[in-house]
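K.L.:
What follows is upload_28.cif, mmCIF, C-alpha atoms.
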```
data_run
loop_
_atom_site.label_atom_id
_atom_site.label_comp_id
_atom_site.auth_asym_id
_atom_site.auth_seq_id
_atom_site.Cartn_x
_atom_site.Cartn_y
_atom_site.Cartn_z
CA MET M 1 17.49 -28.90 -7.45
CA ASN M 2 17.44 -28.72 -11.24
CA SER M 3 14.81 -26.88 -13.27
CA ARG M 4 13.25 -30.10 -14.60
CA ARG M 5 12.60 -31.37 -11.06
CA ILE M 6 11.20 -27.98 -10.04
CA LEU M 7 8.88 -28.07 -13.07
CA SER M 8 7.72 -31.61 -12.17
CA ILE M 9 7.09 -30.68 -8.54
CA SER M 10 5.27 -27.49 -9.56
CA ALA M 11 3.08 -29.38 -12.03
CA ALA M 12 2.21 -32.01 -9.42
CA THR M 13 1.33 -29.28 -6.90
CA ILE M 14 -0.87 -27.43 -9.40
CA LEU M 15 -2.59 -30.65 -10.48
CA GLY M 16 -3.23 -31.76 -6.93
CA ALA M 17 -4.80 -28.42 -6.09
CA SER M 18 -6.91 -28.29 -9.25
CA LEU M 19 -8.60 -31.68 -9.10
CA LEU M 20 -12.06 -31.54 -7.62
CA SER M 21 -12.38 -35.31 -7.42
CA GLY M 22 -9.93 -35.55 -4.52
CA THR M 23 -7.43 -37.40 -6.67
CA ALA M 24 -3.94 -37.30 -5.19
CA VAL M 25 -0.90 -36.79 -7.39
CA ALA M 26 2.48 -38.15 -6.38
CA GLU M 27 5.62 -36.11 -6.86
CA SER M 28 7.69 -37.11 -9.86
CA VAL M 29 11.02 -38.42 -8.64
CA GLU M 30 14.01 -38.35 -10.98
CA ALA M 31 14.63 -41.83 -12.36
CA PRO M 32 18.13 -43.08 -13.14
CA ALA M 33 19.30 -42.02 -16.60
CA GLY M 34 17.54 -44.09 -19.25
CA ALA M 35 14.96 -45.58 -16.85
CA LYS M 36 11.36 -45.37 -18.03
CA GLU M 37 9.32 -46.18 -14.93
CA HIS M 38 6.20 -44.06 -15.50
CA CYS M 39 3.76 -45.68 -17.93
CA LEU M 40 0.52 -44.64 -19.60
CA VAL M 41 -1.65 -47.64 -20.48
CA ASN M 42 -4.11 -46.62 -23.21
CA LEU M 43 -7.06 -48.96 -22.71
CA ASP M 44 -8.58 -47.92 -26.05
CA ASN M 45 -5.76 -49.35 -28.17
CA ARG M 46 -3.97 -51.55 -25.56
CA LYS M 47 -0.72 -49.65 -26.05
CA THR M 48 1.60 -48.97 -23.11
CA THR M 49 4.08 -46.10 -23.41
CA CYS M 50 6.64 -45.49 -20.66
CA PHE M 51 8.62 -42.39 -19.74
CA ALA M 52 11.31 -41.27 -17.30
CA THR M 53 8.97 -38.94 -15.37
CA TYR M 54 5.28 -38.64 -14.53
CA GLN M 55 5.29 -35.17 -16.12
CA GLU M 56 6.20 -36.81 -19.45
CA VAL M 57 3.14 -39.08 -19.09
CA LEU M 58 0.97 -35.98 -18.74
CA ASP M 59 2.69 -34.27 -21.67
CA PHE M 60 2.27 -37.32 -23.94
CA ALA M 61 -1.37 -37.94 -23.02
CA SER M 62 -2.42 -34.36 -23.54
CA ARG M 63 -0.68 -33.72 -26.89
CA GLY M 64 -3.07 -32.17 -29.30
CA ALA M 65 -4.75 -30.27 -26.49
CA GLY M 66 -1.79 -27.91 -26.22
CA SER M 67 0.83 -27.94 -23.51
CA VAL M 68 -0.02 -29.45 -20.16
CA ASN M 69 -1.62 -26.96 -17.84
CA ALA M 70 -3.85 -27.43 -14.84
CA ARG M 71 -6.99 -27.69 -17.01
CA THR M 72 -5.79 -30.20 -19.63
CA ALA M 73 -3.96 -32.29 -17.03
CA ALA M 74 -7.04 -32.29 -14.80
CA THR M 75 -9.12 -33.49 -17.78
CA LEU M 76 -6.62 -36.28 -18.45
CA LEU M 77 -6.59 -37.39 -14.85
CA ASN M 78 -10.38 -37.19 -14.56
CA THR M 79 -10.73 -39.58 -17.53
CA ALA M 80 -8.03 -41.86 -16.19
CA VAL M 81 -9.39 -45.01 -14.60
CA ALA M 82 -6.62 -45.25 -12.01
CA THR M 83 -2.96 -44.62 -11.33
CA LEU M 84 -0.86 -47.15 -9.43
CA TRP M 85 2.00 -45.57 -7.46
CA GLY M 86 5.13 -47.43 -6.46
CA GLY M 87 6.83 -47.20 -3.09
CA TYR M 88 9.86 -45.10 -2.32
CA SER M 89 12.17 -47.91 -1.20
CA SER M 90 13.93 -48.23 -4.56
CA GLY M 91 14.78 -44.52 -4.70
CA THR M 92 12.30 -43.93 -7.52
CA THR M 93 8.53 -43.81 -7.64
CA PRO M 94 7.27 -45.84 -10.61
CA SER M 95 3.70 -45.30 -11.76
CA ALA M 96 1.19 -46.73 -14.21
CA THR M 97 -1.80 -44.67 -15.31
CA LEU M 98 -4.69 -46.66 -16.80
CA TRP M 99 -6.48 -44.32 -19.20
CA SER M 100 -9.35 -44.43 -21.69
CA GLN M 101 -10.91 -41.66 -23.75
CA ALA M 102 -14.29 -42.90 -22.52
CA GLY M 103 -13.26 -42.97 -18.86
CA CYS M 104 -14.25 -45.86 -16.65
CA GLY M 105 -15.67 -49.03 -18.16
CA TYR M 106 -15.10 -52.74 -17.66
CA ASP M 107 -11.55 -53.76 -18.44
CA ALA M 108 -8.89 -56.10 -17.07
CA ASP M 109 -5.23 -56.84 -17.66
CA ASN M 110 -1.86 -57.38 -16.02
CA VAL M 111 -0.01 -54.31 -14.73
CA PRO M 112 3.03 -53.11 -16.74
CA SER M 113 6.31 -54.73 -15.74
CA THR M 114 7.62 -51.38 -14.46
CA ILE M 115 5.11 -51.48 -11.57
CA ASN M 116 4.55 -55.24 -11.19
CA ASP M 117 4.95 -56.15 -7.50
CA LYS M 118 5.99 -52.53 -6.76
CA ALA M 119 2.67 -50.69 -6.18
CA SER M 120 2.05 -49.27 -2.71
CA SER M 121 -0.93 -46.99 -3.38
CA VAL M 122 -3.59 -46.23 -5.95
CA THR M 123 -5.59 -43.21 -7.09
CA VAL M 124 -8.98 -44.17 -8.57
CA THR M 125 -11.10 -41.67 -10.50
CA GLY M 126 -14.49 -40.94 -8.96
CA GLY M 127 -17.19 -43.14 -10.46
CA CYS M 128 -14.80 -46.07 -10.95
CA ARG M 129 -14.12 -49.23 -9.01
CA VAL M 130 -10.79 -51.01 -9.42
CA ASN M 131 -9.96 -54.48 -8.17
CA LEU M 132 -6.23 -55.08 -7.71
CA TRP M 133 -5.04 -58.68 -7.75
CA GLN M 134 -1.92 -60.27 -6.28
CA HIS M 135 -1.14 -62.42 -9.29
CA SER M 136 -1.30 -62.05 -13.06
CA GLY M 137 -4.53 -62.97 -14.84
CA GLN M 138 -6.64 -61.76 -11.88
CA GLY M 139 -5.36 -64.55 -9.64
CA GLY M 140 -4.81 -64.79 -5.90
CA ASN M 141 -6.25 -62.39 -3.35
CA PHE M 142 -7.64 -59.04 -4.41
CA GLU M 143 -8.65 -55.74 -2.91
CA VAL M 144 -11.32 -53.29 -4.06
CA HIS M 145 -10.73 -49.53 -4.41
CA TYR M 146 -13.21 -46.74 -5.17
CA GLY M 147 -12.69 -43.06 -6.06
CA GLY M 148 -9.81 -41.29 -4.33
CA PHE M 149 -6.37 -42.15 -3.03
CA SER M 150 -5.64 -45.17 -0.82
CA THR M 151 -2.74 -47.35 0.25
CA LEU M 152 -2.68 -51.03 -0.67
CA VAL M 153 -3.26 -53.94 1.66
CA TYR M 154 -1.15 -56.12 -0.64
CA ASP M 155 1.76 -53.66 -0.70
CA ASN M 156 4.33 -54.51 -3.40
CA GLN M 157 2.29 -57.54 -4.49
CA ILE M 158 -0.07 -56.26 -7.23
CA SER M 159 0.25 -57.94 -10.65
CA SER M 160 -3.15 -57.44 -12.34
CA TRP M 161 -6.25 -55.31 -12.22
CA GLU M 162 -9.83 -54.98 -13.41
CA SER M 163 -12.05 -51.91 -13.52
CA TYR M 164 -15.79 -51.30 -13.46
CA PRO M 165 -18.01 -48.23 -13.50
CA GLY M 166 -18.92 -47.76 -10.02
#
```
Output the structure of this file as C-alpha coordinates.

P.N.:
Amino acid sequence: MNSRRILSISAATILGASLLSGTAVAESVEAPAGAKEHCLVNLDNRKTTCFATYQEVLDFASRGAGSVNARTAATLLNTAVATLWGGYSSGTTPSATLWSQAGCGYDADNVPSTINDKASSVTVTGGCRVNLWQHSGQGGNFEVHYGGFSTLVYDNQISSWESYPG
(Lines of atoms letter the chains of each structure in order from A and count residues from 1; the text may use other names and numbers.)
(Lines give C-alpha, C1' and ligand atoms only; values in the text may rest on other atoms or scores of the structure.)
Protein backbone atom coordinates (compact mmCIF):
# COMPACT_ATOMS: atom_id res chain seq x y z
CA MET A 1 0.00 0.00 0.00
CA ASN A 2 1.56 3.32 -0.97
CA SER A 3 1.79 6.34 1.31
CA ARG A 4 -0.79 8.33 -0.68
CA ARG A 5 -3.41 5.61 -0.22
CA ILE A 6 -2.57 5.33 3.48
CA LEU A 7 -2.99 9.11 3.80
CA SER A 8 -6.37 8.97 2.02
CA ILE A 9 -7.60 6.11 4.17
CA SER A 10 -6.37 7.82 7.35
CA ALA A 11 -8.07 11.09 6.38
CA ALA A 12 -11.35 9.30 5.65
CA THR A 13 -11.16 7.48 9.00
CA ILE A 14 -10.47 10.70 10.91
CA LEU A 15 -13.24 12.55 9.08
CA GLY A 16 -15.76 9.81 9.66
CA ALA A 17 -14.99 9.77 13.37
CA SER A 18 -15.08 13.56 13.70
CA LEU A 19 -18.42 14.33 12.10
CA LEU A 20 -21.20 14.74 14.60
CA SER A 21 -23.91 14.80 11.95
CA GLY A 22 -23.56 11.08 11.26
CA THR A 23 -22.25 11.76 7.78
CA ALA A 24 -20.46 8.75 6.32
CA VAL A 25 -17.26 9.16 4.34
CA ALA A 26 -16.28 6.64 1.69
CA GLU A 27 -12.70 5.47 1.34
CA SER A 28 -10.81 7.09 -1.50
CA VAL A 29 -9.91 4.41 -4.03
CA GLU A 30 -6.98 4.98 -6.36
CA ALA A 31 -8.25 5.94 -9.80
CA PRO A 32 -6.43 4.93 -12.97
CA ALA A 33 -3.63 7.34 -13.87
CA GLY A 34 -5.09 10.56 -15.26
CA ALA A 35 -8.69 9.77 -14.22
CA LYS A 36 -10.48 12.56 -12.38
CA GLU A 37 -13.55 10.88 -10.92
CA HIS A 38 -14.05 12.87 -7.70
CA CYS A 39 -15.75 16.22 -8.29
CA LEU A 40 -16.59 19.24 -6.17
CA VAL A 41 -19.60 21.14 -7.51
CA ASN A 42 -19.51 24.70 -6.17
CA LEU A 43 -23.15 25.77 -6.15
CA ASP A 44 -22.20 29.40 -5.50
CA ASN A 45 -20.42 29.89 -8.82
CA ARG A 46 -21.66 26.78 -10.74
CA LYS A 47 -18.09 25.57 -11.27
CA THR A 48 -17.27 21.86 -11.16
CA THR A 49 -13.68 20.84 -10.45
CA CYS A 50 -12.65 17.18 -10.60
CA PHE A 51 -9.72 15.34 -9.06
CA ALA A 52 -8.17 11.87 -8.99
CA THR A 53 -8.99 11.29 -5.29
CA TYR A 54 -11.56 12.36 -2.72
CA GLN A 55 -8.72 13.68 -0.54
CA GLU A 56 -7.87 16.16 -3.32
CA VAL A 57 -11.48 17.40 -3.23
CA LEU A 58 -11.08 18.10 0.49
CA ASP A 59 -7.70 19.77 -0.05
CA PHE A 60 -9.05 22.01 -2.84
CA ALA A 61 -12.21 23.02 -0.99
CA SER A 62 -10.42 23.91 2.20
CA ARG A 63 -7.55 25.96 0.70
CA GLY A 64 -7.20 29.20 2.51
CA ALA A 65 -8.20 27.55 5.77
CA GLY A 66 -4.83 25.80 6.00
CA SER A 67 -4.17 22.16 5.31
CA VAL A 68 -7.00 19.69 5.64
CA ASN A 69 -7.37 18.41 9.15
CA ALA A 70 -10.32 16.91 10.95
CA ARG A 71 -11.72 20.34 11.88
CA THR A 72 -11.51 22.08 8.48
CA ALA A 73 -12.65 18.96 6.62
CA ALA A 74 -15.57 18.53 9.03
CA THR A 75 -16.54 22.17 8.39
CA LEU A 76 -16.41 21.59 4.63
CA LEU A 77 -18.50 18.46 4.84
CA ASN A 78 -21.00 20.06 7.22
CA THR A 79 -21.60 22.87 4.70
CA ALA A 80 -21.80 20.42 1.82
CA VAL A 81 -25.33 19.78 0.65
CA ALA A 82 -24.66 16.17 -0.32
CA THR A 83 -22.10 13.76 -1.71
CA LEU A 84 -23.06 11.12 -4.25
CA TRP A 85 -20.92 7.97 -4.07
CA GLY A 86 -20.43 5.59 -6.97
CA GLY A 87 -20.46 1.82 -6.73
CA TYR A 88 -17.42 -0.38 -6.59
CA SER A 89 -18.12 -2.43 -9.72
CA SER A 90 -15.84 -0.37 -11.97
CA GLY A 91 -12.86 -0.74 -9.65
CA THR A 92 -13.03 2.92 -8.64
CA THR A 93 -15.40 4.88 -6.45
CA PRO A 94 -16.38 8.12 -8.20
CA SER A 95 -17.95 10.87 -6.11
CA ALA A 96 -19.58 14.27 -6.53
CA THR A 97 -19.81 16.65 -3.59
CA LEU A 98 -22.41 19.42 -3.94
CA TRP A 99 -21.17 22.34 -1.86
CA SER A 100 -22.17 25.91 -1.07
CA GLN A 101 -20.63 28.42 1.32
CA ALA A 102 -24.14 29.04 2.65
CA GLY A 103 -24.93 25.35 3.11
CA CYS A 104 -28.30 23.96 2.12
CA GLY A 105 -30.68 26.04 0.03
CA TYR A 106 -32.87 25.40 -2.99
CA ASP A 107 -30.86 24.36 -6.01
CA ALA A 108 -31.13 21.91 -8.90
CA ASP A 109 -28.95 20.63 -11.72
CA ASN A 110 -27.70 17.56 -13.53
CA VAL A 111 -25.01 15.46 -11.84
CA PRO A 112 -21.45 15.70 -13.24
CA SER A 113 -20.70 13.24 -16.04
CA THR A 114 -18.19 11.42 -13.81
CA ILE A 115 -21.05 10.14 -11.60
CA ASN A 116 -23.97 10.16 -14.07
CA ASP A 117 -25.72 6.77 -13.87
CA LYS A 118 -23.01 5.54 -11.46
CA ALA A 119 -24.25 6.63 -8.00
CA SER A 120 -25.10 3.89 -5.51
CA SER A 121 -25.36 5.89 -2.27
CA VAL A 122 -25.63 9.42 -0.96
CA THR A 123 -24.59 11.33 2.15
CA VAL A 124 -26.87 14.30 2.87
CA THR A 125 -25.92 16.98 5.41
CA GLY A 126 -28.31 17.29 8.35
CA GLY A 127 -30.92 19.97 7.73
CA CYS A 128 -31.02 19.28 3.99
CA ARG A 129 -33.34 17.32 1.75
CA VAL A 130 -32.12 16.07 -1.61
CA ASN A 131 -34.27 14.65 -4.37
CA LEU A 132 -32.36 12.43 -6.80
CA TRP A 133 -33.86 11.96 -10.25
CA GLN A 134 -33.39 9.17 -12.79
CA HIS A 135 -33.07 11.45 -15.79
CA SER A 136 -31.47 14.81 -16.55
CA GLY A 137 -33.51 17.96 -15.97
CA GLN A 138 -35.29 16.40 -12.95
CA GLY A 139 -37.09 13.87 -15.15
CA GLY A 140 -38.33 10.35 -14.52
CA ASN A 141 -38.75 8.79 -11.09
CA PHE A 142 -37.11 10.33 -8.05
CA GLU A 143 -36.26 9.45 -4.49
CA VAL A 144 -36.01 11.72 -1.45
CA HIS A 145 -33.08 11.66 1.00
CA TYR A 146 -32.65 13.48 4.31
CA GLY A 147 -29.60 13.92 6.58
CA GLY A 148 -27.23 10.97 6.84
CA PHE A 149 -26.01 8.16 4.62
CA SER A 150 -28.31 5.94 2.55
CA THR A 151 -28.21 3.63 -0.43
CA LEU A 152 -30.15 4.48 -3.57
CA VAL A 153 -33.31 2.79 -4.78
CA TYR A 154 -32.41 3.80 -8.34
CA ASP A 155 -28.89 2.37 -8.11
CA ASN A 156 -26.68 3.47 -11.03
CA GLN A 157 -29.54 5.49 -12.54
CA ILE A 158 -29.22 9.00 -11.04
CA SER A 159 -28.76 11.86 -13.54
CA SER A 160 -30.03 14.99 -11.75
CA TRP A 161 -30.77 16.37 -8.32
CA GLU A 162 -32.47 19.16 -6.41
CA SER A 163 -31.93 20.29 -2.83
CA TYR A 164 -34.04 22.06 -0.23
CA PRO A 165 -33.53 23.12 3.37
CA GLY A 166 -35.19 20.54 5.29

K.L.:
Can you pull out the residues contacting Ser163 of chain M? Cut-off 12 Å, using all atoms listed in the file, and skip same-chain residues under 2 positions away; I want them as number ranges by chain.

P.N.:
M: 43, 80-83, 98-100, 103-110, 124-125, 127-133, 138, 143-147, 160-161, 165-166

K.L.:
Could you tell me how far atom CA of Cys50 of chain M lies from atom CA of Gly86 of chain M, in Å and to one decimal?

P.N.:
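Atom-to-atom, atom CA of Cys50 of chain M to atom CA of Gly86 of chain M, that is 14.4 Å.
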
K.L.:
Could you give me, as a ChimeraX atom specification, the residues within 7 Å of segment 38-41 of chain M, counting all atoms listed in the file and dropping anything in the same chain fewer than 5 positions from it?

P.N.:
/M:46-54,57,94-99

K.L.:
Residues proximal to (-3.6, -43.3, -3.3) were defined as those with any atom within 8 Å of that point in the file's coordinates, counting all atoms listed in the file. Which are they, as a PyMOL selection string?

P.N.:
chain M and resi 23-24+84-85+121-124+148-151

K.L.:
Take the residues just selected and output them with C-alpha atoms as a PDB file, in the coordinates of the input.

P.N.:
```pdb
ATOM      1  CA  THR M  23      -7.430 -37.400  -6.670  1.00  0.00           C
ATOM      2  CA  ALA M  24      -3.940 -37.300  -5.190  1.00  0.00           C
ATOM      3  CA  LEU M  84      -0.860 -47.150  -9.430  1.00  0.00           C
ATOM      4  CA  TRP M  85       2.000 -45.570  -7.460  1.00  0.00           C
ATOM      5  CA  SER M 121      -0.930 -46.990  -3.380  1.00  0.00           C
ATOM      6  CA  VAL M 122      -3.590 -46.230  -5.950  1.00  0.00           C
ATOM      7  CA  THR M 123      -5.590 -43.210  -7.090  1.00  0.00           C
ATOM      8  CA  VAL M 124      -8.980 -44.170  -8.570  1.00  0.00           C
ATOM      9  CA  GLY M 148      -9.810 -41.290  -4.330  1.00  0.00           C
ATOM     10  CA  PHE M 149      -6.370 -42.150  -3.030  1.00  0.00           C
ATOM     11  CA  SER M 150      -5.640 -45.170  -0.820  1.00  0.00           C
ATOM     12  CA  THR M 151      -2.740 -47.350   0.250  1.00  0.00           C
TER      13      THR M 151
END
```

K.L.:
Rounded to one decimal, what separation in Å do you get between atom CA of Lys36 of chain M and atom CA of Asp59 of chain M?

P.N.:
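Between atom CA of Lys36 of chain M and atom CA of Asp59 of chain M the gap is 14.5 Å.
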
K.L.:
Report, in Å to a single decimal, how far apart atom CA of Ser136 of chain M and atom CA of Asp117 of chain M are.

P.N.:
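The value is 10.2 Å.
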
K.L.:
Assuming the chain letters and numbering stay as they are in my file, what does the PyMOL selection byres ((chain M and resi 116) around 8) actually select? List them as a ChimeraX atom specification.

P.N.:
/M:111-115,117-119,156-159
